[in-house]
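In what follows, a single structure is set out as structure tokens and then discussed.
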Amino acid sequence: MGGTIDACRAQCVESSDRASQLELDTFVKSPSSLLERLRNDKEKLRYRLSSYIATSPSVLPSVQTLISTSASTDRSSIGAALRIAEGRCTSKKPDAARKIRDFVQRIGDLNVQAGYAAAGDDASGAQAQSQDKGPAQPPRGGALLEGEWKTKLANPFKPVPLPN
């Protein structure tokens, strides 16, 4: 009974976003089963694992096992999942977010750390753009569609605006 109460307090996400207890138990018992179920789908791996970690940061030892049994190509997705879970925990459970961050720093796997950093760059880059001074920057590289609903073809010969 005490373990259930601790698990409820450790969760960083609302009940609708939590992984089921059965999924968590399966992952803890056999972390590599996640890789087998989500074979070749890095996006699902990233979000499913982040859901597990945000639901219960106590699964981090199983994440360590998952990292040691996974291929190097999967490790960057695992790092991204750790970063996503940390972001989900930051506002509600800062201690859990710190625990995830410390875990990543202790790992020492370059692929995991690269995926973690890349996921952070994506999130912080989007926030930085929304907080930039001045009006929104025009899209670079010449968009192919324009108009309110992006249904009109753009003029490919229109000159590109230069920054001031």
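As shown in the structure tokens, the chain order sets the letters A, B, ...; within each chain, residues go from 1, and ligands are also counted from 1 in the order they appear.
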Spatial neighbours of A:Val112, max dist 7 Å, only C-alpha atoms, sep filter under 3 positions, as a PDB file with C-alpha atoms, in the first residue's frame:
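out-v3.pdb written:
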```
ATOM      1  CA  ARG A  75      19.877   5.464 -27.735  1.00  0.00           C
ATOM      2  CA  SER A  76      19.327   8.944 -29.143  1.00  0.00           C
ATOM      3  CA  ILE A  78      15.987   7.209 -25.360  1.00  0.00           C
ATOM      4  CA  GLY A  79      17.874  10.435 -24.618  1.00  0.00           C
ATOM      5  CA  ASP A 109      26.608   7.416 -23.234  1.00  0.00           C
ATOM      6  CA  GLY A 115      19.435  12.776 -28.149  1.00  0.00           C
ATOM      7  CA  TYR A 116      18.812  14.521 -24.831  1.00  0.00           C
TER       8      TYR A 116
END
```
Stretch 5-160 of chain A: residues DSSP assigns to strand (DSSP E or B), reported as a VMD selection string = chain A and resid 145 to 146 152 to 153
For those residues, write N, CA and C atoms to a file as a PDB file, in the first residue's frame.
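Listed below is the output, result_15.pdb:
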```
ATOM      1  N   LEU A 145       3.666  27.588 -50.418  1.00  0.00           N
ATOM      2  CA  LEU A 145       2.266  27.987 -50.340  1.00  0.00           C
ATOM      3  C   LEU A 145       2.158  29.236 -49.492  1.00  0.00           C
ATOM      4  N   GLU A 146       1.144  30.068 -49.803  1.00  0.00           N
ATOM      5  CA  GLU A 146       0.944  31.295 -49.039  1.00  0.00           C
ATOM      6  C   GLU A 146      -0.536  31.520 -48.876  1.00  0.00           C
ATOM      7  N   LYS A 152      -2.780  28.989 -51.598  1.00  0.00           N
ATOM      8  CA  LYS A 152      -2.359  29.604 -52.860  1.00  0.00           C
ATOM      9  C   LYS A 152      -0.885  29.310 -53.102  1.00  0.00           C
ATOM     10  N   LEU A 153      -0.561  29.053 -54.353  1.00  0.00           N
ATOM     11  CA  LEU A 153       0.838  28.852 -54.702  1.00  0.00           C
ATOM     12  C   LEU A 153       1.590  30.165 -54.599  1.00  0.00           C
TER      13      LEU A 153
END
```
Closest atom pairs, stretch 53-114 of chain A residues within 12 Å of stretch 16-37 of chain A, only C-alpha atoms, as JSON lines:
```
{"residue": "A:Ile53", "atom": "CA", "partner": "A:Ala19", "partner_atom": "CA", "distance": 9.0}
{"residue": "A:Ala54", "atom": "CA", "partner": "A:Arg18", "partner_atom": "CA", "distance": 7.6}
{"residue": "A:Thr55", "atom": "CA", "partner": "A:Arg18", "partner_atom": "CA", "distance": 5.2}
{"residue": "A:Ser56", "atom": "CA", "partner": "A:Leu24", "partner_atom": "CA", "distance": 8.1}
{"residue": "A:Pro57", "atom": "CA", "partner": "A:Leu24", "partner_atom": "CA", "distance": 10.6}
{"residue": "A:Ser58", "atom": "CA", "partner": "A:Val28", "partner_atom": "CA", "distance": 9.5}
{"residue": "A:Val59", "atom": "CA", "partner": "A:Val28", "partner_atom": "CA", "distance": 6.5}
{"residue": "A:Leu60", "atom": "CA", "partner": "A:Val28", "partner_atom": "CA", "distance": 9.1}
{"residue": "A:Pro61", "atom": "CA", "partner": "A:Val28", "partner_atom": "CA", "distance": 8.4}
{"residue": "A:Ser62", "atom": "CA", "partner": "A:Val28", "partner_atom": "CA", "distance": 5.5}
{"residue": "A:Val63", "atom": "CA", "partner": "A:Pro31", "partner_atom": "CA", "distance": 7.0}
{"residue": "A:Gln64", "atom": "CA", "partner": "A:Pro31", "partner_atom": "CA", "distance": 9.0}
{"residue": "A:Thr65", "atom": "CA", "partner": "A:Pro31", "partner_atom": "CA", "distance": 6.7}
{"residue": "A:Leu66", "atom": "CA", "partner": "A:Pro31", "partner_atom": "CA", "distance": 5.3}
{"residue": "A:Ile67", "atom": "CA", "partner": "A:Ser32", "partner_atom": "CA", "distance": 9.0}
{"residue": "A:Ser68", "atom": "CA", "partner": "A:Ser32", "partner_atom": "CA", "distance": 9.6}
{"residue": "A:Thr69", "atom": "CA", "partner": "A:Ser32", "partner_atom": "CA", "distance": 6.8}
{"residue": "A:Ser70", "atom": "CA", "partner": "A:Ser32", "partner_atom": "CA", "distance": 7.5}
{"residue": "A:Ala71", "atom": "CA", "partner": "A:Leu35", "partner_atom": "CA", "distance": 9.6}
{"residue": "A:Thr73", "atom": "CA", "partner": "A:Leu35", "partner_atom": "CA", "distance": 11.6}
{"residue": "A:Asp74", "atom": "CA", "partner": "A:Leu35", "partner_atom": "CA", "distance": 8.4}
{"residue": "A:Arg75", "atom": "CA", "partner": "A:Leu35", "partner_atom": "CA", "distance": 10.8}
{"residue": "A:Ser77", "atom": "CA", "partner": "A:Leu35", "partner_atom": "CA", "distance": 11.0}
{"residue": "A:Ile78", "atom": "CA", "partner": "A:Leu35", "partner_atom": "CA", "distance": 10.4}
{"residue": "A:Ala85", "atom": "CA", "partner": "A:Arg18", "partner_atom": "CA", "distance": 11.5}
{"residue": "A:Arg88", "atom": "CA", "partner": "A:Asp17", "partner_atom": "CA", "distance": 10.6}
```
Dump as a compact mmCIF listing (two decimals), in the first residue's frame, selection limited to N, CA and C atoms:
```
# COMPACT_ATOMS: atom_id res chain seq x y z
N ILE A 53 8.48 7.38 -17.90
CA ILE A 53 9.35 8.10 -16.96
C ILE A 53 8.57 9.20 -16.25
N ALA A 54 7.73 9.93 -16.98
CA ALA A 54 6.95 11.00 -16.36
C ALA A 54 5.89 10.44 -15.42
N THR A 55 5.38 9.26 -15.71
CA THR A 55 4.41 8.63 -14.83
C THR A 55 5.07 8.17 -13.54
N SER A 56 6.27 7.60 -13.67
CA SER A 56 6.97 7.11 -12.49
C SER A 56 8.48 7.21 -12.71
N PRO A 57 9.10 8.27 -12.22
CA PRO A 57 10.55 8.41 -12.37
C PRO A 57 11.34 7.27 -11.72
N SER A 58 10.67 6.45 -10.93
CA SER A 58 11.35 5.32 -10.30
C SER A 58 11.73 4.23 -11.31
N VAL A 59 11.32 4.36 -12.58
CA VAL A 59 11.69 3.37 -13.60
C VAL A 59 13.08 3.65 -14.18
N LEU A 60 13.77 4.68 -13.70
CA LEU A 60 15.07 5.04 -14.27
C LEU A 60 16.09 3.89 -14.24
N PRO A 61 16.14 3.05 -13.20
CA PRO A 61 17.07 1.90 -13.28
C PRO A 61 16.75 0.97 -14.46
N SER A 62 15.48 0.82 -14.79
CA SER A 62 15.11 0.01 -15.95
C SER A 62 15.51 0.70 -17.24
N VAL A 63 15.49 2.04 -17.25
CA VAL A 63 15.95 2.79 -18.42
C VAL A 63 17.45 2.53 -18.62
N GLN A 64 18.19 2.45 -17.52
CA GLN A 64 19.63 2.12 -17.60
C GLN A 64 19.82 0.76 -18.27
N THR A 65 19.01 -0.21 -17.88
CA THR A 65 19.08 -1.54 -18.50
C THR A 65 18.71 -1.46 -19.97
N LEU A 66 17.69 -0.69 -20.29
CA LEU A 66 17.26 -0.51 -21.68
C LEU A 66 18.40 0.07 -22.51
N ILE A 67 19.09 1.06 -21.98
CA ILE A 67 20.20 1.68 -22.70
C ILE A 67 21.30 0.66 -22.97
N SER A 68 21.62 -0.16 -21.98
CA SER A 68 22.71 -1.12 -22.15
C SER A 68 22.36 -2.23 -23.14
N THR A 69 21.07 -2.51 -23.34
CA THR A 69 20.68 -3.56 -24.28
C THR A 69 20.27 -3.03 -25.66
N SER A 70 20.19 -1.70 -25.80
CA SER A 70 19.70 -1.14 -27.07
C SER A 70 20.83 -0.87 -28.05
N ALA A 71 20.46 -0.80 -29.31
CA ALA A 71 21.42 -0.43 -30.36
C ALA A 71 21.71 1.06 -30.26
N THR A 73 21.54 3.30 -32.40
CA THR A 73 20.56 4.13 -33.10
C THR A 73 19.32 4.41 -32.24
N ASP A 74 19.00 3.50 -31.31
CA ASP A 74 17.86 3.71 -30.42
C ASP A 74 18.20 4.61 -29.24
N ARG A 75 19.47 4.72 -28.93
CA ARG A 75 19.88 5.46 -27.73
C ARG A 75 19.59 6.96 -27.83
N SER A 77 16.99 8.22 -29.27
CA SER A 77 15.56 8.33 -28.96
C SER A 77 15.32 8.20 -27.46
N ILE A 78 16.10 7.36 -26.81
CA ILE A 78 15.99 7.21 -25.36
C ILE A 78 16.39 8.52 -24.68
N ALA A 85 10.48 13.79 -20.80
CA ALA A 85 9.97 13.48 -19.47
C ALA A 85 10.41 14.55 -18.47
N ARG A 88 8.26 17.54 -18.87
CA ARG A 88 6.91 17.33 -18.35
C ARG A 88 6.89 17.39 -16.82
```
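Restricting the calculation to only C-alpha atoms, the smallest distance between A:Lys92 and any of A:Lys44, A:Leu49, A:Lys150, A:Cys12 is found for A:Cys12.
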